[in-house]
Amino acid sequence: MNDRAVFFEKDGTLVEDVRHGADPSKLRLLPGATEALARLKEAGFRLFIVSNEPGVARGQFREAALAPVVRRLEELLAEEGAEFEGFYYCPHDPEGRVRAYAVECRCRKPSPGLIEDACREHDLDPLRSWMIGDVLDDVEAGRRAGCRTVMIDNGHETAWRRGPNRAPHLTAPSLAKAADLILLSPS
C-alpha cells in the first residue's frame, strides 16, 4: 500500500497568489509546478492540496465558488500530466463576516485538521509524508500533523512568528527545488 503523500498549499505554492480569489480564470500555475508534481507522483507520492479559503467566511465569495476553481486547477495540472487525489479546504475565519463560517475550527491552518482528514480518509502515514507551503502556518500545520515540511521562501511570509512547530525541515526558493529536496531525502 502506498501511504506516502505530499500536501501542498494552493496559493503561492502551486498557483500565483491572488489573495482569496475564487475566479478560475485567474488561476496561473507557478513555473515548474506541473513538472514538480509529476516527478513526485512518479516517485510514488500521492498528492493533495490543503488550503485555507477564508474568502468564504469574509463574504468575498460563496463556498460553492470553490468547485470551479478545483476543476480548473485539475485541468491545468492534467494538461501537463500532473494530478492530485484530493483538495481539502477550510472556509473558516474567526474574524469573518459570515456567521456560519466565522468560527474557530480544527481545519484552518496552522491547525492540522485538513492533513489529518486526508490521512484518515486515504490511509496515509503522515510520518512518511511532506507538507509544502509558502508561510509558517503551512509549516506548523504539517509539523502538528506529523509530516516533514518544506517552506517555499518566496517572500509571502511576512510575520515570521517563530515557535517550536514553525521551523521548516527544509527551505527552497521554488516548488521545483522543494521537489528536488524531497526526492533526495531518505524515505
# chains A, B, ... in the order shown; residues from 1 in each chain; ligands from 1

call {"tool": "residues_around", "arguments": {"residues": "Phe8 in chain A", "least_positions_apart": "6", "cutoff": "10 Å", "atoms": "only C-alpha atoms", "output": "NGL selection string"}}
result
:A and (14 or 37 or 47-51 or 84 or 87 or 115 or 130-134 or 138 or 142 or 150 or 175)

call {"tool": "write_last_selection", "arguments": {"atoms": "N, CA and C atoms", "output": "compact mmCIF listing (two decimals), in the first residue's frame"}}
result
# COMPACT_ATOMS: atom_id res chain seq x y z
N LEU A 14 1.46 26.40 -5.51
CA LEU A 14 1.14 25.81 -6.82
C LEU A 14 0.73 26.85 -7.84
N LEU A 37 5.12 18.26 -9.51
CA LEU A 37 4.08 17.31 -9.11
C LEU A 37 4.25 15.98 -9.85
N LEU A 47 -0.65 12.92 -4.04
CA LEU A 47 -0.63 14.38 -3.98
C LEU A 47 -1.99 14.95 -3.57
N PHE A 48 -1.93 15.92 -2.63
CA PHE A 48 -3.14 16.53 -2.08
C PHE A 48 -2.92 18.03 -1.90
N ILE A 49 -3.99 18.78 -2.06
CA ILE A 49 -3.95 20.20 -1.79
C ILE A 49 -4.70 20.45 -0.49
N VAL A 50 -4.10 21.26 0.39
CA VAL A 50 -4.73 21.66 1.65
C VAL A 50 -4.65 23.18 1.72
N SER A 51 -5.81 23.83 1.72
CA SER A 51 -5.82 25.28 1.54
C SER A 51 -6.82 25.97 2.46
N PHE A 84 -3.73 15.58 -8.72
CA PHE A 84 -3.79 15.37 -7.29
C PHE A 84 -5.01 14.54 -6.96
N PHE A 87 -8.58 17.62 -2.74
CA PHE A 87 -8.49 19.04 -2.44
C PHE A 87 -9.23 19.26 -1.14
N ILE A 115 -4.90 18.07 6.95
CA ILE A 115 -3.95 16.99 6.70
C ILE A 115 -4.40 15.72 7.41
N TRP A 130 4.98 14.71 3.44
CA TRP A 130 5.53 16.07 3.44
C TRP A 130 4.43 17.09 3.27
N MET A 131 4.65 18.27 3.84
CA MET A 131 3.79 19.44 3.62
C MET A 131 4.68 20.52 3.01
N ILE A 132 4.22 21.09 1.88
CA ILE A 132 4.94 22.18 1.23
C ILE A 132 4.04 23.41 1.23
N GLY A 133 4.55 24.52 1.74
CA GLY A 133 3.79 25.76 1.75
C GLY A 133 4.70 26.96 1.71
N ASP A 134 4.08 28.13 1.63
CA ASP A 134 4.87 29.36 1.49
C ASP A 134 4.80 30.27 2.71
N ASP A 138 1.60 27.04 7.20
CA ASP A 138 1.64 25.77 6.47
C ASP A 138 2.62 24.81 7.14
N GLY A 142 1.73 21.18 8.99
CA GLY A 142 2.42 19.95 8.62
C GLY A 142 3.09 19.29 9.80
N VAL A 150 8.51 21.51 3.98
CA VAL A 150 9.37 22.35 3.15
C VAL A 150 8.66 23.69 3.02
N LEU A 175 8.93 25.57 -5.94
CA LEU A 175 8.35 24.23 -5.83
C LEU A 175 9.24 23.19 -6.51

call {"tool": "select_by_dssp", "arguments": {"residues": "range 46-181 of chain A", "states": "alpha helix (DSSP H)", "output": "JSON, numbers by chain"}}
result
{"A": [66, 67, 68, 69, 70, 71, 72, 73, 74, 75, 76, 77, 78, 113, 114, 115, 116, 117, 118, 119, 120, 121, 122, 136, 137, 138, 139, 140, 141, 142, 143, 144, 145, 175, 176, 177, 178, 179, 180, 181]}

call {"tool": "atom_distance", "arguments": {"atom1": "CA of Asp93 in chain A", "atom2": "CA of Ala57 in chain A"}}
result
5.6 Å

call {"tool": "closest_residue", "arguments": {"among": "A:Val69, A:Ala22, A:Asp117, A:Leu136", "to": "Glu157 in chain A", "atoms": "only C-alpha atoms"}}
result
A:Leu136

call {"tool": "residues_around", "arguments": {"residues": "range 79-82 of chain A", "least_positions_apart": "5", "cutoff": "10 Å", "atoms": "only C-alpha atoms", "output": "VMD selection string"}}
result
chain A and resid 33 to 42 47 74

call {"tool": "residues_around", "arguments": {"residues": "Gly44 in chain A", "least_positions_apart": "5", "cutoff": "12 Å", "atoms": "only C-alpha atoms", "output": "JSON, numbers by chain"}}
result
{"A": [1, 2, 3, 4, 5, 6, 37, 38, 39, 128, 129, 182, 183, 187]}

call {"tool": "closest_residue", "arguments": {"among": "A:Ala145, A:Leu181, A:Leu29, A:Ala102", "to": "Ala118 in chain A", "atoms": "only C-alpha atoms"}}
result
A:Ala145

call {"tool": "residues_around", "arguments": {"residues": "Val18 in chain A", "least_positions_apart": "5", "cutoff": "10 Å", "atoms": "only C-alpha atoms", "output": "number ranges by chain"}}
result
A: 11-12, 23, 26-28

call {"tool": "write_last_selection", "arguments": {"atoms": "N, CA and C atoms", "output": "PDB file, in the first residue's frame"}}
result
ATOM      1  N   ASP A  11      -2.320  28.599  -2.949  1.00  0.00           N
ATOM      2  CA  ASP A  11      -1.908  29.952  -3.327  1.00  0.00           C
ATOM      3  C   ASP A  11      -0.479  30.237  -2.899  1.00  0.00           C
ATOM      4  N   GLY A  12       0.337  30.618  -3.858  1.00  0.00           N
ATOM      5  CA  GLY A  12       1.716  30.950  -3.574  1.00  0.00           C
ATOM      6  C   GLY A  12       2.657  29.761  -3.622  1.00  0.00           C
ATOM      7  N   ASP A  23     -11.965  33.048  -8.696  1.00  0.00           N
ATOM      8  CA  ASP A  23     -12.206  33.175 -10.130  1.00  0.00           C
ATOM      9  C   ASP A  23     -11.286  32.197 -10.854  1.00  0.00           C
ATOM     10  N   LYS A  26      -8.498  33.268 -13.261  1.00  0.00           N
ATOM     11  CA  LYS A  26      -7.289  33.933 -12.762  1.00  0.00           C
ATOM     12  C   LYS A  26      -6.219  32.962 -12.279  1.00  0.00           C
ATOM     13  N   LEU A  27      -6.526  31.654 -12.292  1.00  0.00           N
ATOM     14  CA  LEU A  27      -5.539  30.670 -11.835  1.00  0.00           C
ATOM     15  C   LEU A  27      -4.386  30.583 -12.823  1.00  0.00           C
ATOM     16  N   ARG A  28      -3.186  30.770 -12.315  1.00  0.00           N
ATOM     17  CA  ARG A  28      -1.968  30.646 -13.109  1.00  0.00           C
ATOM     18  C   ARG A  28      -0.995  29.771 -12.334  1.00  0.00           C
TER      19      ARG A  28
END
